[in-house]
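Asker: Have a peek at target-v4.csv (CSV, C-alpha atoms).
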chain,number,residue,atom,x,y,z
A,1,MET,CA,0.0,0.0,0.0
A,2,PRO,CA,1.2,3.6,-0.7
A,3,LYS,CA,2.4,5.6,2.3
A,4,LEU,CA,0.9,8.9,3.2
A,5,ALA,CA,3.3,11.8,3.0
A,6,LEU,CA,4.3,13.0,6.5
A,7,ILE,CA,7.3,15.2,5.4
A,8,PRO,CA,6.6,18.4,3.4
A,9,PRO,CA,8.0,18.4,-0.1
A,10,HIS,CA,11.1,20.3,-1.0
A,11,ASP,CA,10.7,24.1,-1.1
A,12,HIS,CA,11.2,24.4,-4.8
A,13,HIS,CA,8.6,21.8,-5.5
A,14,ARG,CA,6.2,23.6,-3.2
A,15,HIS,CA,7.0,26.9,-4.9
A,16,HIS,CA,6.4,25.5,-8.3
A,17,ARG,CA,3.0,24.1,-7.3
A,18,GLN,CA,2.1,27.5,-5.7
A,19,LEU,CA,2.9,29.3,-8.9
A,20,LEU,CA,1.0,26.9,-11.0
A,21,LEU,CA,-2.0,27.1,-8.6
A,22,ILE,CA,-1.9,30.9,-8.9
A,23,PHE,CA,-1.8,30.7,-12.7
A,24,LEU,CA,-4.7,28.2,-12.8
A,25,LEU,CA,-6.7,30.3,-10.4
A,26,ILE,CA,-6.3,33.4,-12.6
A,27,SER,CA,-7.1,31.5,-15.7
A,28,ALA,CA,-10.1,29.8,-14.2
A,29,THR,CA,-11.6,33.1,-13.0
A,30,THR,CA,-11.0,35.0,-16.2
A,31,ALA,CA,-12.1,32.2,-18.6
A,32,ALA,CA,-15.8,32.6,-17.6
A,33,PRO,CA,-18.0,35.5,-16.5
A,34,ALA,CA,-18.3,36.1,-12.7
A,35,SER,CA,-21.9,35.0,-12.7
A,36,ALA,CA,-20.8,31.5,-13.9
A,37,THR,CA,-18.4,31.0,-11.0
A,38,THR,CA,-20.8,31.5,-8.1
A,39,ASN,CA,-22.0,27.9,-7.9
A,40,TYR,CA,-18.6,26.2,-8.3
A,41,GLN,CA,-17.9,23.5,-5.8
A,42,VAL,CA,-14.7,23.8,-3.7
A,43,PHE,CA,-12.8,20.6,-2.7
A,44,LYS,CA,-10.2,19.9,0.0
A,45,GLU,CA,-6.7,19.0,-0.9
A,46,ALA,CA,-6.3,15.2,-0.8
A,47,PRO,CA,-3.4,13.4,0.9
A,48,GLN,CA,-0.4,12.8,-1.2
A,49,PHE,CA,0.3,9.1,-2.0
A,50,TYR,CA,3.7,7.8,-3.2
A,51,ASN,CA,4.9,4.7,-5.0
A,52,SER,CA,6.0,1.7,-3.1
A,53,PRO,CA,9.7,0.8,-3.5
A,54,THR,CA,8.9,-2.0,-6.0
A,55,CYS,CA,7.1,0.3,-8.5
A,56,PRO,CA,8.8,0.7,-11.9
A,57,SER,CA,9.9,4.2,-12.9
A,58,ILE,CA,7.9,5.7,-15.7
A,59,HIS,CA,8.2,8.6,-18.0
A,60,THR,CA,4.9,10.3,-18.9
A,61,ASN,CA,6.1,10.5,-22.6
A,62,GLY,CA,3.2,12.8,-23.6
A,63,MET,CA,0.7,10.7,-21.6
A,64,CYS,CA,1.5,7.6,-23.6
A,65,CYS,CA,3.8,5.5,-21.4
A,66,ASP,CA,3.0,1.8,-21.8
A,67,GLN,CA,4.2,1.0,-18.2
A,68,ALA,CA,1.7,3.4,-16.7
A,69,VAL,CA,-1.9,2.6,-15.8
A,70,HIS,CA,-4.2,4.8,-17.9
A,71,VAL,CA,-7.6,5.8,-16.7
A,72,ALA,CA,-10.2,7.6,-18.8
A,73,MET,CA,-13.2,9.3,-17.2
A,74,ALA,CA,-15.8,11.8,-18.4
A,75,LEU,CA,-15.6,15.2,-16.7
A,76,ASP,CA,-18.5,17.6,-16.1
A,77,THR,CA,-19.9,19.8,-13.4
A,78,ALA,CA,-22.8,17.6,-12.5
A,79,TYR,CA,-20.6,14.6,-11.6
A,80,LEU,CA,-17.5,16.5,-10.5
A,81,ARG,CA,-18.0,15.6,-6.8
A,82,GLY,CA,-18.2,11.9,-7.7
A,83,LEU,CA,-15.2,12.1,-10.0
A,84,MET,CA,-13.1,13.7,-7.2
A,85,ALA,CA,-14.1,10.9,-4.8
A,86,ALA,CA,-13.3,8.3,-7.5
A,87,ILE,CA,-9.8,9.7,-8.1
A,88,LEU,CA,-9.0,9.7,-4.3
A,89,SER,CA,-10.2,6.1,-4.0
A,90,ILE,CA,-8.0,5.0,-6.9
A,91,LEU,CA,-4.9,6.7,-5.6
A,92,GLN,CA,-5.4,5.6,-2.0
A,93,HIS,CA,-5.7,1.9,-2.9
A,94,SER,CA,-2.9,1.8,-5.5
A,95,SER,CA,0.5,0.3,-4.8
A,96,CYS,CA,1.9,2.6,-7.5
A,97,PRO,CA,-0.3,5.8,-7.4
A,98,GLN,CA,2.3,7.9,-9.2
A,99,ASN,CA,2.2,5.6,-12.1
A,100,ILE,CA,-1.5,6.3,-12.9
A,101,LEU,CA,-2.2,8.8,-15.6
A,102,PHE,CA,-5.7,10.3,-15.9
A,103,HIS,CA,-7.4,11.2,-19.2
A,104,PHE,CA,-10.5,13.3,-18.7
A,105,ILE,CA,-13.0,13.9,-21.5
A,106,ALA,CA,-14.9,17.2,-21.1
A,107,SER,CA,-17.4,19.0,-23.4
A,108,ALA,CA,-15.6,21.4,-25.7
A,109,THR,CA,-17.8,24.2,-24.4
A,110,ALA,CA,-17.0,23.6,-20.7
A,111,ASN,CA,-14.6,25.8,-18.7
A,112,HIS,CA,-11.5,23.6,-18.9
A,113,GLN,CA,-9.4,26.1,-17.0
A,114,HIS,CA,-11.7,25.8,-14.1
A,115,PHE,CA,-11.6,22.0,-14.2
A,116,ARG,CA,-7.8,22.1,-14.3
A,117,TYR,CA,-7.7,24.4,-11.3
A,118,THR,CA,-10.2,22.3,-9.3
A,119,ILE,CA,-8.4,19.1,-9.9
A,120,PHE,CA,-4.9,20.5,-9.4
A,121,ARG,CA,-6.0,22.2,-6.1
A,122,ALA,CA,-7.2,18.8,-4.7
A,123,PHE,CA,-4.5,16.7,-6.3
A,124,PRO,CA,-1.3,18.8,-6.8
A,125,ALA,CA,0.8,15.9,-8.0
A,126,LEU,CA,-1.8,14.2,-10.3
A,127,VAL,CA,-0.7,13.7,-13.9
A,128,PHE,CA,-3.7,14.3,-16.1
A,129,GLN,CA,-4.9,15.8,-19.4
A,130,ILE,CA,-8.3,17.2,-20.4
A,131,TYR,CA,-9.5,16.4,-23.9
A,132,PRO,CA,-12.2,18.5,-25.6
A,133,TYR,CA,-15.3,16.5,-26.8
A,134,ASP,CA,-17.4,18.2,-29.5
A,135,SER,CA,-20.9,16.7,-28.9
A,136,LYS,CA,-22.5,18.3,-31.9
A,137,ALA,CA,-22.2,15.1,-34.0
A,138,VAL,CA,-23.6,12.8,-31.4
A,139,SER,CA,-26.4,15.2,-30.2
A,140,GLY,CA,-28.4,14.5,-33.4
A,141,LEU,CA,-28.2,10.8,-32.8
A,142,ILE,CA,-29.3,10.7,-29.2
A,143,SER,CA,-32.8,9.2,-28.7
A,144,THR,CA,-34.9,10.0,-25.6
A,145,SER,CA,-34.4,7.3,-23.0
A,146,ILE,CA,-36.1,6.2,-19.8
A,147,ARG,CA,-34.1,8.7,-17.7
A,148,SER,CA,-33.1,12.2,-18.8
A,149,ALA,CA,-29.6,12.0,-17.2
A,150,LEU,CA,-28.9,9.1,-19.7
A,151,ASP,CA,-29.4,11.5,-22.6
A,152,CYS,CA,-26.5,13.7,-21.7
A,153,PRO,CA,-24.1,13.9,-24.8
A,154,LEU,CA,-21.1,13.3,-22.5
A,155,ASN,CA,-22.5,9.8,-21.7
A,156,TYR,CA,-21.7,9.0,-25.4
A,157,ALA,CA,-18.1,10.2,-25.2
A,158,ARG,CA,-17.0,6.6,-24.6
A,159,ASN,CA,-18.1,5.8,-28.1
A,160,TYR,CA,-15.4,8.1,-29.5
A,161,LEU,CA,-12.7,7.4,-26.9
A,162,PRO,CA,-10.1,6.0,-29.4
A,163,ASN,CA,-10.5,9.2,-31.5
A,164,LEU,CA,-10.2,11.6,-28.6
A,165,LEU,CA,-7.2,10.1,-26.8
A,166,PRO,CA,-3.6,10.2,-28.2
A,167,ARG,CA,-3.1,7.6,-30.9
A,168,CYS,CA,0.1,6.4,-29.2
A,169,LEU,CA,-2.1,5.2,-26.3
A,170,ARG,CA,-2.6,1.4,-26.4
A,171,ARG,CA,-4.8,0.5,-23.5
A,172,VAL,CA,-7.1,2.4,-21.1
A,173,VAL,CA,-9.4,1.6,-18.3
A,174,TYR,CA,-12.7,3.6,-18.7
A,175,LEU,CA,-14.6,4.4,-15.5
A,176,ASP,CA,-17.8,6.2,-14.7
A,177,SER,CA,-17.7,9.0,-12.1
A,178,ASP,CA,-20.2,7.4,-9.6
A,179,LEU,CA,-17.9,4.7,-8.2
A,180,VAL,CA,-15.1,4.1,-5.8
A,181,LEU,CA,-12.3,1.5,-5.8
A,182,VAL,CA,-11.2,-0.4,-2.7
A,183,ASP,CA,-8.5,-2.4,-4.5
A,184,ASP,CA,-5.5,-1.8,-6.6
A,185,MET,CA,-6.4,-0.4,-10.0
A,186,ALA,CA,-3.3,-2.1,-11.6
A,187,LYS,CA,-5.0,-5.4,-11.2
A,188,LEU,CA,-8.0,-4.3,-13.3
A,189,ALA,CA,-5.8,-2.7,-15.9
A,190,ALA,CA,-3.8,-5.9,-16.3
A,191,THR,CA,-6.9,-7.9,-17.4
A,192,PRO,CA,-6.0,-10.2,-20.3
A,193,LEU,CA,-7.8,-9.4,-23.5
A,194,GLY,CA,-6.9,-12.6,-25.3
A,195,ASP,CA,-6.0,-12.7,-29.0
A,196,SER,CA,-8.8,-10.6,-30.4
A,197,SER,CA,-11.1,-9.0,-27.8
A,198,VAL,CA,-11.4,-5.2,-28.0
A,199,LEU,CA,-12.6,-4.8,-24.4
A,200,ALA,CA,-13.1,-6.5,-21.1
A,201,ALA,CA,-15.9,-6.0,-18.6
A,202,PRO,CA,-17.8,-8.0,-16.0
A,203,GLU,CA,-20.7,-9.9,-17.7
A,204,TYR,CA,-24.0,-10.7,-16.1
A,205,CYS,CA,-25.5,-13.6,-18.0
A,206,ASN,CA,-28.4,-14.0,-15.6
A,207,ALA,CA,-29.9,-10.6,-16.6
A,208,ASN,CA,-32.8,-10.6,-19.0
A,209,PHE,CA,-30.9,-9.7,-22.1
A,210,THR,CA,-34.0,-9.4,-24.3
A,211,SER,CA,-35.4,-6.6,-22.2
A,212,TYR,CA,-32.7,-4.2,-23.4
A,213,PHE,CA,-34.3,-4.1,-26.8
A,214,THR,CA,-37.8,-3.4,-28.1
A,215,PRO,CA,-40.3,-5.9,-29.6
A,216,THR,CA,-39.6,-4.1,-32.9
A,217,PHE,CA,-36.0,-5.3,-32.7
A,218,TRP,CA,-36.8,-8.9,-31.8
A,219,SER,CA,-39.6,-9.2,-34.3
A,220,ASN,CA,-37.5,-8.1,-37.2
A,221,PRO,CA,-35.9,-11.2,-38.9
A,222,THR,CA,-32.7,-9.4,-39.9
A,223,LEU,CA,-32.2,-7.5,-36.6
A,224,SER,CA,-33.0,-10.5,-34.4
A,225,LEU,CA,-30.1,-12.4,-36.0
A,226,THR,CA,-27.6,-9.8,-34.8
A,227,PHE,CA,-26.6,-12.0,-31.8
A,228,SER,CA,-26.6,-15.3,-33.7
A,229,GLY,CA,-23.6,-17.3,-32.8
A,230,ARG,CA,-22.7,-15.1,-29.9
A,231,LYS,CA,-23.3,-15.9,-26.3
A,232,ALA,CA,-24.5,-12.4,-25.7
A,233,CYS,CA,-24.8,-11.2,-22.0
A,234,TYR,CA,-25.4,-7.9,-20.4
A,235,PHE,CA,-22.4,-5.9,-19.3
A,236,ASN,CA,-22.2,-2.4,-17.7
A,237,THR,CA,-20.2,0.1,-19.7
A,238,GLY,CA,-19.2,2.1,-16.6
A,239,VAL,CA,-16.1,-0.2,-16.1
A,240,MET,CA,-14.2,-1.3,-19.2
A,241,VAL,CA,-10.7,-2.2,-20.1
A,242,ILE,CA,-10.2,-1.2,-23.7
A,243,ASP,CA,-7.6,-2.0,-26.3
A,244,LEU,CA,-7.6,1.3,-28.3
A,245,GLN,CA,-5.5,-0.1,-31.1
A,246,ARG,CA,-7.8,-3.0,-31.8
A,247,TRP,CA,-10.8,-0.6,-31.6
A,248,ARG,CA,-9.3,1.7,-34.1
A,249,ALA,CA,-8.3,-1.1,-36.4
A,250,GLY,CA,-11.9,-2.5,-36.4
A,251,ASP,CA,-13.5,1.0,-36.7
A,252,TYR,CA,-15.9,0.2,-33.9
A,253,THR,CA,-16.9,3.8,-33.4
A,254,THR,CA,-18.5,3.6,-36.9
A,255,LYS,CA,-20.3,0.4,-36.0
A,256,ILE,CA,-21.8,2.0,-32.8
A,257,VAL,CA,-22.8,5.1,-34.7
A,258,GLU,CA,-24.6,3.0,-37.4
A,259,TRP,CA,-26.8,1.4,-34.7
A,260,MET,CA,-27.6,4.8,-33.3
A,261,GLU,CA,-28.6,6.0,-36.7
A,262,LEU,CA,-30.9,3.1,-37.1
A,263,GLN,CA,-32.4,3.8,-33.7
A,264,LYS,CA,-33.4,7.3,-35.0
A,265,ARG,CA,-35.3,5.7,-37.9
A,266,MET,CA,-36.9,2.8,-35.9
A,267,ARG,CA,-36.9,2.5,-32.1
A,268,ILE,CA,-35.0,-0.6,-31.2
A,269,TYR,CA,-33.9,0.1,-27.7
A,270,GLU,CA,-34.8,2.3,-24.7
A,271,LEU,CA,-31.7,2.7,-22.4
A,272,GLY,CA,-29.4,5.5,-23.6
A,273,SER,CA,-25.8,4.7,-24.6
A,274,LEU,CA,-25.7,1.1,-23.4
A,275,PRO,CA,-27.6,-0.8,-26.1
A,276,PRO,CA,-25.3,0.1,-29.0
A,277,PHE,CA,-22.4,-1.3,-27.0
A,278,LEU,CA,-24.3,-4.5,-26.5
A,279,LEU,CA,-25.1,-4.7,-30.2
A,280,VAL,CA,-21.5,-4.4,-31.2
A,281,PHE,CA,-19.6,-6.1,-28.4
A,282,ALA,CA,-21.9,-8.5,-26.4
A,283,GLY,CA,-20.7,-12.0,-26.6
A,284,ASN,CA,-17.2,-11.0,-27.8
A,285,ILE,CA,-15.7,-9.4,-24.7
A,286,ALA,CA,-13.0,-10.7,-22.4
A,287,PRO,CA,-14.2,-11.6,-18.9
A,288,VAL,CA,-13.6,-9.6,-15.7
A,289,ASP,CA,-14.5,-10.8,-12.2
A,290,HIS,CA,-17.7,-9.4,-10.9
A,291,ARG,CA,-15.8,-7.9,-7.9
A,292,TRP,CA,-14.7,-5.1,-10.3
A,293,ASN,CA,-18.2,-3.8,-10.8
A,294,GLN,CA,-20.6,-4.1,-7.9
A,295,HIS,CA,-23.0,-2.0,-9.9
A,296,GLY,CA,-26.6,-0.9,-9.4
A,297,LEU,CA,-26.0,0.7,-6.0
A,298,GLY,CA,-27.9,3.8,-7.2
A,299,GLY,CA,-31.1,1.7,-7.5
A,300,ASP,CA,-33.2,1.4,-10.7
A,301,ASN,CA,-33.6,4.2,-13.2
A,302,TYR,CA,-37.0,5.2,-11.9
A,303,ARG,CA,-36.9,5.5,-8.1
A,304,GLY,CA,-33.3,5.0,-7.1
A,305,LEU,CA,-34.1,2.7,-4.1
A,306,CYS,CA,-31.4,1.2,-1.9
A,307,ARG,CA,-29.7,-2.0,-2.9
A,308,ASP,CA,-27.4,-4.5,-1.4
A,309,LEU,CA,-24.1,-5.8,-2.8
A,310,HIS,CA,-24.1,-8.8,-5.0
A,311,PRO,CA,-22.7,-11.9,-3.4
A,312,GLY,CA,-18.9,-12.3,-3.4
A,313,PRO,CA,-15.9,-10.1,-2.8
A,314,THR,CA,-15.8,-6.4,-3.8
A,315,SER,CA,-13.0,-4.4,-5.4
A,316,LEU,CA,-15.2,-1.6,-6.9
A,317,LEU,CA,-18.5,-0.1,-5.8
A,318,HIS,CA,-20.6,1.5,-8.5
A,319,TRP,CA,-23.7,3.7,-7.9
A,320,SER,CA,-25.2,3.2,-11.3
A,321,GLY,CA,-28.9,4.0,-11.4
A,322,LYS,CA,-30.9,7.0,-10.4
A,323,GLY,CA,-29.7,7.5,-6.8
A,324,LYS,CA,-26.2,9.0,-6.2
A,325,PRO,CA,-24.5,8.8,-2.8
A,326,TRP,CA,-23.7,12.5,-2.6
A,327,ALA,CA,-27.3,13.5,-3.2
A,328,ARG,CA,-28.7,11.1,-0.7
A,329,LEU,CA,-26.1,12.1,1.9
A,330,ASP,CA,-26.9,15.8,1.4
A,331,ALA,CA,-30.6,15.0,1.8
A,332,ASN,CA,-30.0,13.1,5.0
A,333,ARG,CA,-31.6,10.0,3.3
A,334,PRO,CA,-28.5,7.8,2.7
A,335,CYS,CA,-28.6,4.2,1.8
A,336,PRO,CA,-26.5,1.9,4.0
A,337,LEU,CA,-23.9,1.4,1.3
A,338,ASP,CA,-23.5,5.1,0.8
A,339,ALA,CA,-21.3,5.0,4.0
A,340,PHE,CA,-18.6,3.4,1.8
A,341,TRP,CA,-18.6,6.4,-0.5
A,342,ALA,CA,-18.6,9.1,2.2
A,343,PRO,CA,-14.9,8.8,3.3
A,344,TYR,CA,-13.8,9.7,-0.2
A,345,ASP,CA,-15.9,12.9,-0.4
A,346,LEU,CA,-13.6,15.9,-0.8
A,347,LEU,CA,-16.3,18.5,-1.0
A,348,GLN,CA,-15.4,21.5,1.2
A,349,THR,CA,-18.5,22.3,3.3
A,350,SER,CA,-19.8,25.8,3.7
A,351,SER,CA,-18.9,25.8,7.4
A,352,ALA,CA,-15.3,24.9,6.7
A,353,LEU,CA,-15.1,27.6,4.0
A,354,GLU,CA,-16.3,30.2,6.5
A,355,SER,CA,-13.9,29.3,9.3
Take the structure in the file and give it back as structure tokens.

Answerer:
Amino acid sequence: MPKLALIPPHDHHRHHRQLLLIFLLISATTAAPASATTNYQVFKEAPQFYNSPTCPSIHTNGMCCDQAVHVAMALDTAYLRGLMAAILSILQHSSCPQNILFHFIASATANHQHFRYTIFRAFPALVFQIYPYDSKAVSGLISTSIRSALDCPLNYARNYLPNLLPRCLRRVVYLDSDLVLVDDMAKLAATPLGDSSVLAAPEYCNANFTSYFTPTFWSNPTLSLTFSGRKACYFNTGVMVIDLQRWRAGDYTTKIVEWMELQKRMRIYELGSLPPFLLVFAGNIAPVDHRWNQHGLGGDNYRGLCRDLHPGPTSLLHWSGKGKPWARLDANRPCPLDAFWAPYDLLQTSSALES
């Protein structure tokens, strides 16, 4: 396990961070009108974690080092509090936290300078990059789903991940922002993908797979043959290990987009960005132990009721569904498992800011 820093960093390192913090603060406050900054959340600085002695030395090499663990996440204001908690949990439970490089995807119209300042203020030593995502193309392809939050264009950024990230990047772990890890991220990142799989994720073959598509889909003789010869099972796209080179070689973004275009002409599914992934990949993914996605802790997509963990060990807790732990905690109506998220919450309370 990484050790918490008890000795202050060298003065020149502190001075460098202070100068960078001042620069980011000035940039963040001048990049948007004052009225847009009034509701910004403020986060505490997280503890600093260091590599264990056995960790290999890496060079960031333009964010493309093969020896590093690469994590990609969507970045927006609505889920910023969850993202900050997720980052802290990843670093805290990593044996080589300084070898984790973060790749954040944010809307091209978002205030990137403010995001940089916020992340740097909480994690001064974090190595990260923010990539602009132009959602104009996908906005015209999004069909209304059963929950409005699922219709956010940023939910579809994962479809374009290999195009957004540097082409020299080979493998990445994609994570949603409503989760925390309680195990070493390197174990998940090292998931074998076999000779041909593009991605790996925990599969749930007991789920009713047919329910993810409409009767129109299943009654169409051509469409219903889509999964012929494939042992297609449900998997959650909030935790995936992706081979970016294989994705690019197979042009899988185009395949996903083609299903979304068909959905605009005839309604073949109801649930946001997930079904196109199932149509393209289900039955052809590499397995991941269920411990790496204890999902559904946010309840269903309608009421967000409390749920228990699935049987078995847990390495990652995922509040997919309508209910989010920070909202339930703020409302003083937490679910029992929200207590596992609370220790990673870095939000600075109003009382702390006033003191």

Asker: So that I can check the surroundings of Cys55 of chain A, please list as a PDB file with C-alpha atoms, in the frame of the given file every protein, DNA and RNA residue that reaches within 10 Å of it, counting only C-alpha atoms and ignoring chain neighbours fewer than 6 positions away.

Answerer:
ATOM      1  CA  SER A  95       0.500   0.300  -4.800  1.00  0.00           C
ATOM      2  CA  CYS A  96       1.900   2.600  -7.500  1.00  0.00           C
ATOM      3  CA  PRO A  97      -0.300   5.800  -7.400  1.00  0.00           C
ATOM      4  CA  GLN A  98       2.300   7.900  -9.200  1.00  0.00           C
ATOM      5  CA  ASN A  99       2.200   5.600 -12.100  1.00  0.00           C
TER       6      ASN A  99
END

Asker: Could you please give me, as a ChimeraX atom specification, the residues of protein, DNA or RNA lying at most 12 Å from (-26.3, 7.2, 2.8) in the coordinate frame of the file, considering all atoms listed in the file?

Answerer: /A:297-298,305-307,319,323-343

Asker: For Gln48 of chain A, which residue among A:Leu83, A:Leu91, A:Cys64, A:Ile285 is the nearest when counting all atoms listed in the file?

Answerer: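 Smallest distance to Gln48 of chain A is found for A:Leu91.
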
Asker: Taking all atoms listed in the file into account, which of A:Leu154, A:Lys322, A:Tyr131, A:Arg291 comes nearest Arg303 of chain A?

Answerer: A:Lys322

Asker: I'd like the contact shell of Phe123 of chain A - 12 Å cut-off, all atoms listed in the file, skipping same-chain residues fewer than 3 positions apart - returned as a list in words.

Answerer: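 With the cut-off at 12 Å, the set is Arg17, Leu21, Phe43, Lys44, Glu45, Ala46, Pro47, Gln48, Phe49, Met84, Ala85, Ile87, Leu88, Leu91, Gln92, Pro97, Gln98, Phe102, Phe115, Arg116, Tyr117, Thr118, Ile119, Phe120, Leu126, Val127, Phe128 and Leu346 of chain A.
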
Asker: Which residue is closest to Arg121 of chain A? Choose from A:Lys187, A:Ser219, A:Gln348, A:Pro53 and count all atoms listed in the file.

Answerer: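 For Arg121 of chain A, the nearest of the given residues is A:Gln348.
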
Asker: Closest to Thr237 of chain A among A:Leu80, A:Ala200, A:Leu225, A:Cys205, using all atoms listed in the file?

Answerer: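 Among A:Leu80, A:Ala200, A:Leu225, A:Cys205, it is A:Ala200 that comes nearest to Thr237 of chain A.
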
Asker: Mind giving me the straight-line distance from atom CA of Leu181 of chain A to atom CA of Ser89 of chain A in Å, one decimal?

Answerer: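 A separation of 5.4 Å between them.
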
Asker: Which of these residues is nearest to Lys264 of chain A, using all atoms listed in the file: A:Val138, A:Phe235, A:Ser197, A:Ser320?

Answerer: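 For Lys264 of chain A, the nearest of the candidates is A:Val138.
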
Asker: Name all residues at most 9 Å from Leu316 of chain A (count only C-alpha atoms; drop same-chain ones fewer than 3 positions away) and give them as a PyMOL selection string.

Answerer: chain A and resi 179-183+291-295

Asker: Would you pick out the contacts of Asp66 of chain A at 9 Å or less, using all atoms listed in the file, so that residues sharing its chain but fewer than 5 positions from it are not included, and give the list as an NGL selection string?

Answerer: :A and (58 or 169-171)

Asker: Using all atoms listed in the file, find the one residue out of A:His103, A:Lys136, A:His112, A:His290 that sits nearest to Leu161 of chain A.

Answerer: A:His103

Asker: Can you tell me how far atom CA of Pro202 of chain A sits from atom CA of Asn236 of chain A, in Å to one decimal?

Answerer: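 Taking atom CA of Pro202 of chain A as the start and atom CA of Asn236 of chain A as the end point, the length is 7.3 Å.
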
Asker: One decimal, in Å: what's the spacing between atom CA of Ser94 of chain A and atom CA of Tyr156 of chain A?

Answerer: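 Answer for the atom CA of Ser94 of chain A to atom CA of Tyr156 of chain A separation: 28.3 Å.
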
Asker: Can you pull out every residue within 8 Å of Phe217 of chain A, counting only C-alpha atoms, but drop anything in the same chain fewer than 6 positions away, and send it as a VMD selection string?

Answerer: chain A and resid 223 to 224 267 to 269

Asker: Write the residues you've just listed into a file as a PDB file, in the frame of the given file, and include C-alpha atoms for each of them.

Answerer:
ATOM      1  CA  LEU A 223     -32.200  -7.500 -36.600  1.00  0.00           C
ATOM      2  CA  SER A 224     -33.000 -10.500 -34.400  1.00  0.00           C
ATOM      3  CA  ARG A 267     -36.900   2.500 -32.100  1.00  0.00           C
ATOM      4  CA  ILE A 268     -35.000  -0.600 -31.200  1.00  0.00           C
ATOM      5  CA  TYR A 269     -33.900   0.100 -27.700  1.00  0.00           C
TER       6      TYR A 269
END

Asker: Using all atoms listed in the file, find each residue in segment 89-204 of chain A having at least one atom no more than 9 Å away from segment 250-257 of chain A; report its shortest atom-to-atom pair and that distance in Å (one decimal), rows by chain then rising number, as a tab-separated table.

Answerer:
residue	atom	partner	partner_atom	distance
A:Val138	CA	A:Val257	CA	8.4
A:Leu141	CA	A:Val257	CA	8.1
A:Asn159	CA	A:Thr253	CA	5.8
A:Tyr160	CA	A:Thr253	CA	6.0
A:Leu161	CA	A:Thr253	CA	8.5
A:Pro162	CA	A:Thr253	CA	8.2
A:Asn163	CA	A:Thr253	CA	8.6
A:Val198	CA	A:Gly250	CA	8.8
